[in-house]
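Reproduced below: data-v2.tsv, with TSV, C-alpha atoms.
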```tsv
chain	number	residue	atom	x	y	z
A	1	MET	CA	103.34	40.08	-1.73
A	2	LYS	CA	104.16	43.42	-3.31
A	3	GLU	CA	104.59	41.63	-6.66
A	4	VAL	CA	101.12	40.10	-6.41
A	5	MET	CA	99.59	43.49	-5.71
A	6	GLU	CA	101.58	45.15	-8.50
A	7	LYS	CA	100.16	42.53	-10.88
A	8	ILE	CA	96.63	43.57	-9.87
A	9	VAL	CA	97.22	47.29	-10.39
A	10	ALA	CA	98.72	46.54	-13.80
A	11	ILE	CA	95.21	45.61	-15.03
A	12	ASP	CA	93.60	48.32	-17.15
A	13	GLY	CA	91.28	50.44	-15.02
A	14	VAL	CA	92.64	49.31	-11.63
A	15	LEU	CA	93.53	52.33	-9.54
A	16	SER	CA	94.85	50.92	-6.29
A	17	CYS	CA	95.10	47.78	-4.23
A	18	TYR	CA	95.02	47.50	-0.42
A	19	LEU	CA	95.99	44.56	1.76
A	20	VAL	CA	94.45	45.12	5.17
A	21	ASP	CA	94.28	43.04	8.35
A	22	ARG	CA	90.90	42.21	9.87
A	23	GLU	CA	91.28	45.09	12.34
A	24	GLY	CA	91.71	47.64	9.54
A	25	GLU	CA	95.46	48.14	9.77
A	26	ILE	CA	97.16	48.48	6.41
A	27	VAL	CA	99.54	45.62	5.50
A	28	GLY	CA	100.35	46.54	1.91
A	29	PHE	CA	99.42	49.04	-0.78
A	30	ALA	CA	100.02	49.38	-4.50
A	31	GLY	CA	98.87	51.93	-7.05
A	32	LYS	CA	97.85	55.56	-6.71
A	33	SER	CA	95.30	57.06	-4.36
A	34	LYS	CA	94.44	60.50	-3.09
A	35	LEU	CA	92.62	58.95	-0.14
A	36	ASP	CA	94.17	58.78	3.29
A	37	LYS	CA	95.39	55.15	3.31
A	38	SER	CA	94.72	54.58	7.01
A	39	LEU	CA	91.17	55.87	6.67
A	40	ALA	CA	90.57	53.82	3.52
A	41	SER	CA	91.83	50.61	5.13
A	42	ALA	CA	89.71	51.23	8.24
A	43	LEU	CA	86.59	51.77	6.10
A	44	ILE	CA	87.33	48.65	4.04
A	45	ALA	CA	87.61	46.58	7.24
A	46	SER	CA	84.41	48.14	8.63
A	47	MET	CA	82.47	47.15	5.49
A	48	SER	CA	83.75	43.61	5.85
A	49	LYS	CA	82.93	43.60	9.56
A	50	GLU	CA	79.35	44.63	8.77
A	51	LEU	CA	78.80	41.21	7.19
A	52	THR	CA	80.60	39.25	9.87
A	53	THR	CA	78.58	40.83	12.66
A	54	GLN	CA	75.15	41.09	11.06
A	55	MET	CA	75.20	37.83	9.10
A	56	ASP	CA	77.57	35.82	11.25
A	57	ILE	CA	79.85	34.95	8.33
A	58	GLN	CA	83.49	34.88	9.37
A	59	ASP	CA	85.53	34.63	6.16
A	60	ASN	CA	85.71	33.56	2.52
A	61	PHE	CA	83.32	36.16	1.22
A	62	SER	CA	83.52	39.08	-1.12
A	63	ILE	CA	81.75	42.38	-1.62
A	64	THR	CA	81.60	44.15	-4.99
A	65	ILE	CA	80.44	47.74	-4.97
A	66	LEU	CA	79.65	49.34	-8.32
A	67	ALA	CA	79.34	53.10	-8.11
A	68	ALA	CA	79.26	56.10	-10.42
A	69	GLY	CA	82.77	57.32	-9.61
A	70	LYS	CA	84.68	54.15	-8.75
A	71	ASN	CA	84.16	50.45	-8.12
A	72	LEU	CA	85.43	48.66	-5.05
A	73	PHE	CA	86.12	44.93	-4.85
A	74	ILE	CA	86.69	43.47	-1.37
A	75	VAL	CA	87.69	39.87	-0.67
A	76	THR	CA	87.80	38.75	2.96
A	77	GLN	CA	89.86	35.79	4.08
A	78	ARG	CA	90.52	34.48	7.59
A	79	ASN	CA	93.46	36.79	8.36
A	80	PHE	CA	93.30	39.53	5.79
A	81	ILE	CA	91.24	41.58	3.39
A	82	LEU	CA	92.25	42.37	-0.18
A	83	ALA	CA	90.55	45.42	-1.67
A	84	VAL	CA	90.84	46.89	-5.14
A	85	PHE	CA	89.60	50.28	-6.36
A	86	THR	CA	88.91	50.55	-10.08
A	87	SER	CA	87.47	53.01	-12.53
A	88	PRO	CA	83.76	52.39	-13.25
A	89	ASN	CA	84.31	51.12	-16.79
A	90	VAL	CA	86.74	48.36	-15.81
A	91	ASP	CA	86.31	44.80	-17.01
A	92	THR	CA	84.83	43.45	-13.75
A	93	GLY	CA	85.28	39.81	-14.78
A	94	LYS	CA	88.99	40.29	-15.31
A	95	VAL	CA	89.44	41.99	-11.93
A	96	ARG	CA	87.49	39.28	-10.12
A	97	PHE	CA	89.50	36.56	-11.86
A	98	GLU	CA	92.82	38.19	-10.92
A	99	LEU	CA	91.62	38.73	-7.36
A	100	ARG	CA	90.79	35.06	-6.90
A	101	LYS	CA	94.25	34.11	-8.12
A	102	SER	CA	95.95	36.70	-5.95
A	103	ILE	CA	94.08	35.70	-2.82
A	104	LYS	CA	95.52	32.18	-3.07
A	105	GLU	CA	99.04	33.51	-3.57
A	106	ILE	CA	98.78	35.94	-0.66
A	107	SER	CA	97.31	33.26	1.61
A	108	GLU	CA	100.30	31.04	0.89
A	109	LYS	CA	102.78	33.84	1.53
A	110	LEU	CA	101.11	34.87	4.78
B	1	MET	CA	75.11	75.52	30.01
B	2	ASN	CA	76.24	78.64	28.22
B	3	GLU	CA	74.19	81.76	27.54
B	4	GLU	CA	73.41	80.90	23.95
B	5	GLY	CA	71.44	77.82	24.88
B	6	LEU	CA	72.15	74.13	24.49
B	7	GLN	CA	73.45	73.84	20.97
B	8	PRO	CA	77.15	74.42	21.53
B	9	ASP	CA	77.17	72.43	24.76
B	10	VAL	CA	76.80	68.73	23.98
B	11	ASN	CA	77.30	67.79	27.64
B	12	SER	CA	74.20	69.78	28.67
B	13	LEU	CA	72.18	67.88	26.12
B	14	ASP	CA	73.48	64.57	27.47
B	15	VAL	CA	72.59	65.67	31.00
B	16	LEU	CA	69.04	66.54	29.92
B	17	ILE	CA	68.64	63.19	28.16
B	18	SER	CA	70.00	61.33	31.21
B	19	LEU	CA	67.60	63.28	33.42
B	20	ALA	CA	64.73	62.37	31.09
B	21	ASP	CA	65.79	58.71	31.33
B	22	LEU	CA	65.65	59.04	35.10
B	23	TYR	CA	62.13	60.49	34.89
B	24	VAL	CA	61.07	57.57	32.69
B	25	GLU	CA	62.53	55.06	35.16
B	26	ASN	CA	60.42	56.67	37.87
B	27	GLY	CA	57.28	56.72	35.78
B	28	LEU	CA	57.32	60.50	35.23
B	29	PHE	CA	56.62	60.25	31.51
B	30	ASP	CA	55.06	63.68	31.01
B	31	GLU	CA	57.97	65.37	32.78
B	32	ALA	CA	60.43	63.41	30.65
B	33	LYS	CA	58.58	64.42	27.47
B	34	ASP	CA	58.57	68.08	28.46
B	35	LEU	CA	62.29	67.96	29.20
B	36	LEU	CA	63.09	66.35	25.84
B	37	LYS	CA	60.85	68.80	23.98
B	38	THR	CA	62.81	71.63	25.59
B	39	ALA	CA	66.06	69.88	24.60
B	40	ILE	CA	64.83	69.60	21.01
B	41	LYS	CA	63.78	73.23	20.93
B	42	GLU	CA	67.11	74.45	22.24
B	43	SER	CA	69.52	71.98	20.68
B	44	GLY	CA	68.20	72.30	17.12
B	45	GLU	CA	69.81	69.94	14.62
B	46	VAL	CA	70.65	67.04	16.93
B	47	ALA	CA	68.80	63.72	16.52
B	48	LYS	CA	69.50	62.31	19.99
B	49	PRO	CA	66.65	63.98	21.96
B	50	TYR	CA	64.18	63.14	19.14
B	51	LEU	CA	65.20	59.49	19.46
B	52	SER	CA	64.71	59.49	23.24
B	53	LEU	CA	61.33	61.23	22.94
B	54	SER	CA	60.14	58.77	20.28
B	55	LYS	CA	60.99	55.85	22.58
B	56	ILE	CA	58.76	57.28	25.30
B	57	TYR	CA	55.89	57.67	22.82
B	58	ILE	CA	56.42	54.08	21.62
B	59	SER	CA	56.44	52.76	25.20
B	60	GLN	CA	53.09	54.48	25.73
B	61	GLY	CA	51.60	53.15	22.51
B	62	GLU	CA	51.52	56.58	20.88
B	63	GLU	CA	52.88	55.42	17.52
B	64	ARG	CA	51.62	58.33	15.46
B	65	GLU	CA	53.53	60.85	17.58
B	66	ALA	CA	56.60	58.57	17.65
B	67	ALA	CA	56.56	58.27	13.86
B	68	GLU	CA	56.32	62.04	13.47
B	69	ILE	CA	59.27	62.59	15.82
B	70	LEU	CA	61.35	59.86	14.13
B	71	ARG	CA	60.73	61.30	10.67
B	72	ARG	CA	62.03	64.65	11.90
B	73	ALA	CA	65.08	62.89	13.41
B	74	LEU	CA	65.69	61.15	10.09
B	75	GLU	CA	65.75	64.50	8.32
B	76	ILE	CA	68.60	65.51	10.64
B	77	GLU	CA	70.50	62.22	10.41
B	78	PRO	CA	69.39	60.40	7.22
B	79	GLU	CA	71.97	57.62	7.70
B	80	ASN	CA	71.12	56.84	11.33
B	81	VAL	CA	70.34	53.10	11.33
B	82	GLU	CA	68.72	53.10	14.78
B	83	ILE	CA	66.21	55.75	13.69
B	84	LYS	CA	65.48	53.88	10.47
B	85	GLN	CA	64.97	50.57	12.27
B	86	LEU	CA	62.77	52.13	14.95
B	87	LEU	CA	60.67	53.90	12.32
B	88	GLY	CA	60.46	50.73	10.24
B	89	SER	CA	59.25	48.75	13.26
B	90	LEU	CA	56.23	51.00	13.84
B	91	LYS	CA	52.94	49.47	12.80
B	92	ILE	CA	51.59	52.84	11.72
B	93	GLU	CA	54.60	53.40	9.46
B	94	LYS	CA	54.09	50.02	7.78
B	95	GLU	CA	50.42	50.85	7.20
B	96	GLU	CA	51.45	54.21	5.76
B	97	LYS	CA	53.85	52.47	3.36
B	98	VAL	CA	51.14	50.06	2.24
B	99	LYS	CA	48.84	53.03	1.59
B	100	ILE	CA	51.55	54.78	-0.44
B	101	LYS	CA	52.20	51.56	-2.36
B	102	GLU	CA	48.50	51.08	-3.12
B	103	LYS	CA	48.15	54.72	-4.11
B	104	ALA	CA	51.17	54.41	-6.40
B	105	LYS	CA	49.64	51.30	-7.97
B	106	GLU	CA	46.34	53.10	-8.51
B	107	GLU	CA	48.09	56.08	-10.06
B	108	THR	CA	50.14	53.80	-12.25
B	109	LYS	CA	46.97	52.07	-13.45
B	110	GLU	CA	45.41	55.43	-14.29
B	111	LYS	CA	48.45	56.72	-16.15
B	112	LYS	CA	49.13	53.48	-18.07
B	113	PRO	CA	52.79	54.27	-18.79
B	114	VAL	CA	54.05	52.96	-22.10
B	115	LYS	CA	57.06	51.18	-20.57
B	116	MET	CA	54.93	48.87	-18.47
B	117	LYS	CA	54.06	45.39	-19.61
B	118	SER	CA	50.42	44.38	-19.30
B	119	SER	CA	51.37	41.59	-16.87
B	120	ASP	CA	53.31	43.91	-14.56
B	121	SER	CA	52.57	43.86	-10.89
B	122	LEU	CA	55.18	43.79	-8.16
B	123	SER	CA	54.23	40.24	-7.33
B	124	GLY	CA	54.45	39.31	-11.02
B	125	ILE	CA	57.89	40.88	-11.42
B	126	LEU	CA	59.29	39.01	-8.42
B	127	ASN	CA	57.58	35.75	-9.38
B	128	ASN	CA	59.12	35.92	-12.85
B	129	LEU	CA	62.56	36.34	-11.30
B	130	LEU	CA	62.05	33.25	-9.17
B	131	LYS	CA	61.42	31.23	-12.33
B	132	ILE	CA	65.05	31.82	-13.34
B	133	LYS	CA	67.29	28.92	-12.35
B	134	GLY	CA	69.46	29.79	-9.38
B	135	ILE	CA	67.37	32.66	-8.00
B	136	MET	CA	66.16	31.70	-4.53
B	137	GLY	CA	64.49	34.89	-3.40
B	138	ALA	CA	63.54	38.42	-4.35
B	139	LEU	CA	62.67	41.17	-1.90
B	140	VAL	CA	61.76	44.81	-2.26
B	141	VAL	CA	62.22	47.04	0.78
B	142	ASP	CA	61.96	50.76	1.21
B	143	ASP	CA	64.70	53.17	2.27
B	144	ILE	CA	64.19	52.43	5.96
B	145	GLY	CA	64.30	48.65	5.46
B	146	ALA	CA	60.55	48.02	5.72
B	147	LEU	CA	59.39	45.15	3.53
B	148	ILE	CA	57.21	46.03	0.54
B	149	GLU	CA	57.06	42.65	-1.18
B	150	ALA	CA	58.97	39.37	-1.02
B	151	HIS	CA	58.97	36.05	-2.81
B	152	MET	CA	61.31	33.46	-1.35
B	153	GLU	CA	62.01	29.81	-1.85
B	154	LEU	CA	64.23	29.79	1.22
B	155	PRO	CA	62.92	29.15	4.73
B	156	MET	CA	63.87	32.61	6.01
B	157	GLU	CA	61.94	35.29	7.85
B	158	GLN	CA	61.25	37.78	5.06
B	159	GLU	CA	60.83	40.95	7.08
B	160	SER	CA	64.05	40.61	9.10
B	161	THR	CA	66.03	39.35	6.08
B	162	GLY	CA	65.05	42.46	4.14
B	163	ALA	CA	65.81	44.75	7.09
B	164	ILE	CA	69.25	43.22	7.78
B	165	ILE	CA	70.37	43.29	4.14
B	166	SER	CA	69.06	46.81	3.73
B	167	SER	CA	70.92	47.93	6.85
B	168	ILE	CA	74.20	46.38	5.61
B	169	TYR	CA	73.65	48.01	2.20
B	170	ASP	CA	73.04	51.42	3.82
B	171	ARG	CA	76.19	51.17	5.93
B	172	ILE	CA	78.20	50.19	2.86
B	173	CYS	CA	76.80	53.17	0.95
B	174	PHE	CA	77.74	55.38	3.89
B	175	SER	CA	81.36	54.13	3.85
B	176	ALA	CA	81.39	54.31	0.05
B	177	SER	CA	80.66	58.00	0.33
B	178	ASP	CA	83.71	58.47	2.62
B	179	LEU	CA	85.76	56.50	0.09
B	180	GLU	CA	84.59	58.90	-2.63
B	181	LEU	CA	83.09	56.14	-4.79
B	182	GLY	CA	80.13	58.25	-5.89
B	183	THR	CA	76.53	57.07	-6.03
B	184	VAL	CA	76.33	53.32	-5.46
B	185	SER	CA	74.22	51.50	-8.07
B	186	LYS	CA	74.79	47.88	-7.15
B	187	VAL	CA	76.33	45.82	-4.36
B	188	LEU	CA	77.08	42.13	-4.75
B	189	PHE	CA	77.81	39.92	-1.74
B	190	GLU	CA	79.35	36.55	-2.57
B	191	LEU	CA	78.96	34.44	0.54
B	192	PRO	CA	79.78	30.78	1.26
B	193	GLY	CA	76.08	29.86	1.08
B	194	GLY	CA	75.06	31.95	-1.93
B	195	ASN	CA	75.01	35.41	-3.41
B	196	ILE	CA	73.06	38.54	-2.59
B	197	VAL	CA	72.62	41.26	-5.21
B	198	VAL	CA	71.28	44.63	-4.06
B	199	LEU	CA	70.21	47.29	-6.53
B	200	GLY	CA	69.40	50.53	-4.79
B	201	SER	CA	67.68	53.79	-5.58
B	202	LYS	CA	66.84	56.73	-3.32
B	203	SER	CA	63.64	55.07	-2.11
B	204	LEU	CA	64.02	51.36	-2.82
B	205	ARG	CA	66.30	48.39	-2.20
B	206	PHE	CA	65.83	45.55	-4.67
B	207	ILE	CA	67.35	42.40	-3.15
B	208	ILE	CA	67.99	39.15	-5.02
B	209	LEU	CA	69.20	35.97	-3.35
B	210	THR	CA	70.87	33.37	-5.57
B	211	ASN	CA	72.76	30.12	-5.16
B	212	ARG	CA	76.53	30.02	-5.75
B	213	ASN	CA	76.29	28.40	-9.18
B	214	VAL	CA	74.27	31.12	-10.87
B	215	LEU	CA	75.94	33.07	-13.68
B	216	LEU	CA	75.74	36.61	-12.35
B	217	GLY	CA	76.81	38.19	-15.64
B	218	GLU	CA	73.85	36.59	-17.41
B	219	LEU	CA	71.46	37.90	-14.76
B	220	GLU	CA	72.64	41.50	-14.96
B	221	SER	CA	70.26	42.82	-17.60
B	222	VAL	CA	67.30	40.82	-16.26
B	223	LEU	CA	67.75	42.24	-12.77
B	224	ILE	CA	68.19	45.80	-13.98
B	225	ASP	CA	65.05	45.48	-16.10
B	226	ALA	CA	63.06	44.11	-13.14
B	227	PHE	CA	64.39	46.87	-10.90
B	228	ASP	CA	63.50	49.59	-13.40
B	229	ARG	CA	60.00	48.18	-13.82
B	230	THR	CA	59.56	48.05	-10.03
B	231	ILE	CA	60.53	51.70	-9.72
B	232	ALA	CA	58.12	52.62	-12.53
B	233	LEU	CA	55.35	50.51	-11.01
B	234	LEU	CA	55.67	52.02	-7.54
B	235	GLY	CA	56.17	55.50	-8.96
B	236	VAL	CA	59.12	56.24	-6.69
B	237	GLU	CA	62.61	57.59	-7.24
```
structure tokens encoding of this file:
Amino acid sequence: MKEVMEKIVAIDGVLSCYLVDREGEIVGFAGKSKLDKSLASALIASMSKELTTQMDIQDNFSITILAAGKNLFIVTQRNFILAVFTSPNVDTGKVRFELRKSIKEISEKL
Amino acid sequence: MNEEGLQPDVNSLDVLISLADLYVENGLFDEAKDLLKTAIKESGEVAKPYLSLSKIYISQGEEREAAEILRRALEIEPENVEIKQLLGSLKIEKEEKVKIKEKAKEETKEKKPVKMKSSDSLSGILNNLLKIKGIMGALVVDDIGALIEAHMELPMEQESTGAIISSIYDRICFSASDLELGTVSKVLFELPGGNIVVLGSKSLRFIILTNRNVLLGELESVLIDAFDRTIALLGVE
């Protein structure tokens, strides 16, 4: 699993990668971050939960947040959430492509 | 309660609000209002008593007073979803928004800004988006989730759809701030049934619903252009 996440952070512009369970507990981390990892994983899970509660969608969805300082890509599967922080000028298509691939690999390993 | 009043003592505030609730349950509305007004006066920058007071006004059909109180509460807690939703649900607030929208349109007509196309109207902008293959709906809501305009091909309730998406967007922006992402410019939700793109400004949420097969990269510039024209048309930030 660590290898899969390391592959994601190797992409130009990717800052960090979080693997989080649906309750917001951190499962894995790769990259560099000044943020408190527990807080970040809890916030990532809460964003995902916003959709599950308000729209009644349980899994297989993603949220892409483009912001001035950083971008955040969140992919939610049945048992886990994969989240990637990037710099704003990252190639979003490349990140999304790598995330889709990684999600499959992580699902199989879990 | 300590000598300096209610502000440092959150429990006292809770007691006053609970007491006000008790008054309301027993039909003593004026007493409850007085109690909450005192709580507001003494507690200062806390939204809770404003919220309770606004609910009493709403229950008595006094929407104008409720709106005034809720606007003050929103100044204290700009991210409070309950306040936003309550304010957005008020008939008087919706009428006010329509007036502002009409005034903005009038002013825009008078100024004739060079960036505007002659065919521009909010309805026209959204209609043009719906002509693009894959776009199933376009909604514009204000910062409290109240619907300004919507064009949808989907059988969905427009007002609540706009309010729910706006509320999710606001909560995401709130968390994004804690994650130090900076100002959010766009949020994309890729869901099993389709995509939702939200472009946000200080005063507007521009929401586009698409099917799963649409090429989002191709839409990017079209959506940004439509969003910019909407902001210019309504004369808001």
Exercise: segment 185-196 of chain B partners within 10 Å, only C-alpha atoms, chain neighbours under 3 positions left out, as JSON, numbers by chain: {"A": [51, 55, 57, 58, 59, 60, 61, 62, 63, 64, 65, 66, 67, 68, 71, 72, 73, 74, 75], "B": [134, 135, 136, 137, 138, 165, 169, 172, 173, 182, 199, 200, 201, 205, 206, 207, 208, 209, 210, 211, 212, 213, 214, 216, 224]}
Within 12 Å of Lys32 of chain A using all atoms listed in the file, minus same-chain residues under 4 positions, as a list in words: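 Those residues are Glu6, Val9, Ala10, Gly13, Val14, Leu15, Ser16, Cys17, Tyr18, Asp36, Lys37, Val84, Phe85 and Thr86 of chain A.
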Protein and nucleic acid residues near (63.0, 60.1, -3.7) (cut-off 9 Å, only C-alpha atoms) as number ranges by chain: B: 201-204, 236-237
Using C-alpha atoms, can you write the selected residues to a file as an mmCIF file, in the frame of the given file?
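Final output, again-v2.cif:
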```
data_model
loop_
_atom_site.group_PDB
_atom_site.id
_atom_site.type_symbol
_atom_site.label_atom_id
_atom_site.label_comp_id
_atom_site.auth_asym_id
_atom_site.auth_seq_id
_atom_site.Cartn_x
_atom_site.Cartn_y
_atom_site.Cartn_z
ATOM 1 C CA SER B 201 67.680 53.790 -5.580
ATOM 2 C CA LYS B 202 66.840 56.730 -3.320
ATOM 3 C CA SER B 203 63.640 55.070 -2.110
ATOM 4 C CA LEU B 204 64.020 51.360 -2.820
ATOM 5 C CA VAL B 236 59.120 56.240 -6.690
ATOM 6 C CA GLU B 237 62.610 57.590 -7.240
#
```
Pick from B:Ser43, B:Leu122, B:Glu79, B:Ile56 nearest to Gly235 of chain B, counting all atoms listed in the file: B:Leu122
To box segment 52-66 of chain B, take all atoms listed in the file, fit an axis-aligned box, add 6 Å on each side, and give centre and edge lengths in Å to one decimal, as AutoDock Vina command-line options.
```
--center_x 58.1 --center_y 57.0 --center_z 20.6 --size_x 25.2 --size_y 20.5 --size_z 22.3
```
Interatomic distance (Å, one decimal) between atom CA of Leu219 of chain B and atom CA of Thr53 of chain A: 28.5 Å
Straight-line distance linking atom CA of Val81 of chain B with atom CA of Glu25 of chain A, stated in Å to one decimal: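 Atom-to-atom, atom CA of Val81 of chain B and atom CA of Glu25 of chain A are spaced 25.7 Å apart.
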Interatomic distance, atom CA of Val24 of chain B to atom CA of Ser54 of chain B (Å, one decimal): 12.5 Å
Given all atoms listed in the file as the counted atoms, nearest of B:Val222, B:Leu179, B:Ala150, B:Leu234 to chain A: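 Closest to chain A of all the choices is B:Leu179.
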Could you write segment 2-72 of chain A of the block just shown to a file containing C-alpha atoms, as a PDB file, in the first residue's frame?
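Output file part.pdb follows:
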```pdb
ATOM      1  CA  LYS A   2       2.862   2.324   0.890  1.00  0.00           C
ATOM      2  CA  GLU A   3       4.302   1.733  -2.604  1.00  0.00           C
ATOM      3  CA  VAL A   4       1.038   2.780  -4.246  1.00  0.00           C
ATOM      4  CA  MET A   5       0.951   5.982  -2.223  1.00  0.00           C
ATOM      5  CA  GLU A   6       4.625   6.702  -2.892  1.00  0.00           C
ATOM      6  CA  LYS A   7       3.865   6.420  -6.619  1.00  0.00           C
ATOM      7  CA  ILE A   8       1.190   9.118  -6.238  1.00  0.00           C
ATOM      8  CA  VAL A   9       3.437  11.549  -4.377  1.00  0.00           C
ATOM      9  CA  ALA A  10       6.115  11.046  -7.026  1.00  0.00           C
ATOM     10  CA  ILE A  11       3.908  12.974  -9.495  1.00  0.00           C
ATOM     11  CA  ASP A  12       5.054  16.550 -10.065  1.00  0.00           C
ATOM     12  CA  GLY A  13       3.074  18.924  -7.865  1.00  0.00           C
ATOM     13  CA  VAL A  14       1.679  16.272  -5.497  1.00  0.00           C
ATOM     14  CA  LEU A  15       2.400  17.259  -1.910  1.00  0.00           C
ATOM     15  CA  SER A  16       0.941  14.475   0.179  1.00  0.00           C
ATOM     16  CA  CYS A  17      -1.331  11.476   0.089  1.00  0.00           C
ATOM     17  CA  TYR A  18      -3.636  10.224   2.859  1.00  0.00           C
ATOM     18  CA  LEU A  19      -5.370   6.875   3.171  1.00  0.00           C
ATOM     19  CA  VAL A  20      -8.158   7.269   5.698  1.00  0.00           C
ATOM     20  CA  ASP A  21     -10.921   4.975   6.946  1.00  0.00           C
ATOM     21  CA  ARG A  22     -14.542   6.094   6.716  1.00  0.00           C
ATOM     22  CA  GLU A  23     -14.463   7.202  10.366  1.00  0.00           C
ATOM     23  CA  GLY A  24     -11.535   9.558   9.742  1.00  0.00           C
ATOM     24  CA  GLU A  25      -8.760   7.456  11.259  1.00  0.00           C
ATOM     25  CA  ILE A  26      -5.514   7.590   9.320  1.00  0.00           C
ATOM     26  CA  VAL A  27      -4.481   4.293   7.672  1.00  0.00           C
ATOM     27  CA  GLY A  28      -1.515   5.475   5.628  1.00  0.00           C
ATOM     28  CA  PHE A  29       0.362   8.625   4.692  1.00  0.00           C
ATOM     29  CA  ALA A  30       3.019   9.560   2.157  1.00  0.00           C
ATOM     30  CA  GLY A  31       4.674  12.860   1.291  1.00  0.00           C
ATOM     31  CA  LYS A  32       5.246  16.002   3.317  1.00  0.00           C
ATOM     32  CA  SER A  33       2.725  18.024   5.273  1.00  0.00           C
ATOM     33  CA  LYS A  34       2.821  20.662   7.958  1.00  0.00           C
ATOM     34  CA  LEU A  35      -0.776  19.861   8.862  1.00  0.00           C
ATOM     35  CA  ASP A  36      -1.657  17.756  11.861  1.00  0.00           C
ATOM     36  CA  LYS A  37      -2.296  14.378  10.180  1.00  0.00           C
ATOM     37  CA  SER A  38      -5.089  13.333  12.542  1.00  0.00           C
ATOM     38  CA  LEU A  39      -6.912  16.612  12.008  1.00  0.00           C
ATOM     39  CA  ALA A  40      -6.429  16.441   8.238  1.00  0.00           C
ATOM     40  CA  SER A  41      -7.748  12.879   8.034  1.00  0.00           C
ATOM     41  CA  ALA A  42     -10.757  13.767  10.201  1.00  0.00           C
ATOM     42  CA  LEU A  43     -11.573  16.758   7.963  1.00  0.00           C
ATOM     43  CA  ILE A  44     -11.186  14.655   4.815  1.00  0.00           C
ATOM     44  CA  ALA A  45     -13.626  12.078   6.212  1.00  0.00           C
ATOM     45  CA  SER A  46     -16.057  14.822   7.270  1.00  0.00           C
ATOM     46  CA  MET A  47     -16.099  16.258   3.729  1.00  0.00           C
ATOM     47  CA  SER A  48     -16.846  12.808   2.365  1.00  0.00           C
ATOM     48  CA  LYS A  49     -19.518  12.251   5.012  1.00  0.00           C
ATOM     49  CA  GLU A  50     -21.222  15.498   3.972  1.00  0.00           C
ATOM     50  CA  LEU A  51     -22.143  13.860   0.668  1.00  0.00           C
ATOM     51  CA  THR A  52     -23.160  10.535   2.152  1.00  0.00           C
ATOM     52  CA  THR A  53     -25.519  12.149   4.636  1.00  0.00           C
ATOM     53  CA  GLN A  54     -26.979  14.979   2.576  1.00  0.00           C
ATOM     54  CA  MET A  55     -27.199  13.184  -0.766  1.00  0.00           C
ATOM     55  CA  ASP A  56     -27.532   9.615   0.431  1.00  0.00           C
ATOM     56  CA  ILE A  57     -24.615   8.384  -1.687  1.00  0.00           C
ATOM     57  CA  GLN A  58     -22.613   5.713   0.107  1.00  0.00           C
ATOM     58  CA  ASP A  59     -19.456   5.167  -1.951  1.00  0.00           C
ATOM     59  CA  ASN A  60     -17.730   5.340  -5.332  1.00  0.00           C
ATOM     60  CA  PHE A  61     -17.639   9.095  -5.546  1.00  0.00           C
ATOM     61  CA  SER A  62     -14.982  11.730  -5.659  1.00  0.00           C
ATOM     62  CA  ILE A  63     -14.603  15.363  -4.687  1.00  0.00           C
ATOM     63  CA  THR A  64     -12.095  17.691  -6.351  1.00  0.00           C
ATOM     64  CA  ILE A  65     -11.457  21.000  -4.633  1.00  0.00           C
ATOM     65  CA  LEU A  66      -9.489  23.603  -6.555  1.00  0.00           C
ATOM     66  CA  ALA A  67      -8.273  26.435  -4.361  1.00  0.00           C
ATOM     67  CA  ALA A  68      -5.798  29.300  -4.485  1.00  0.00           C
ATOM     68  CA  GLY A  69      -3.220  27.700  -2.181  1.00  0.00           C
ATOM     69  CA  LYS A  70      -3.644  23.965  -2.761  1.00  0.00           C
ATOM     70  CA  ASN A  71      -5.902  21.476  -4.503  1.00  0.00           C
ATOM     71  CA  LEU A  72      -7.449  18.496  -2.773  1.00  0.00           C
TER      72      LEU A  72
END
```
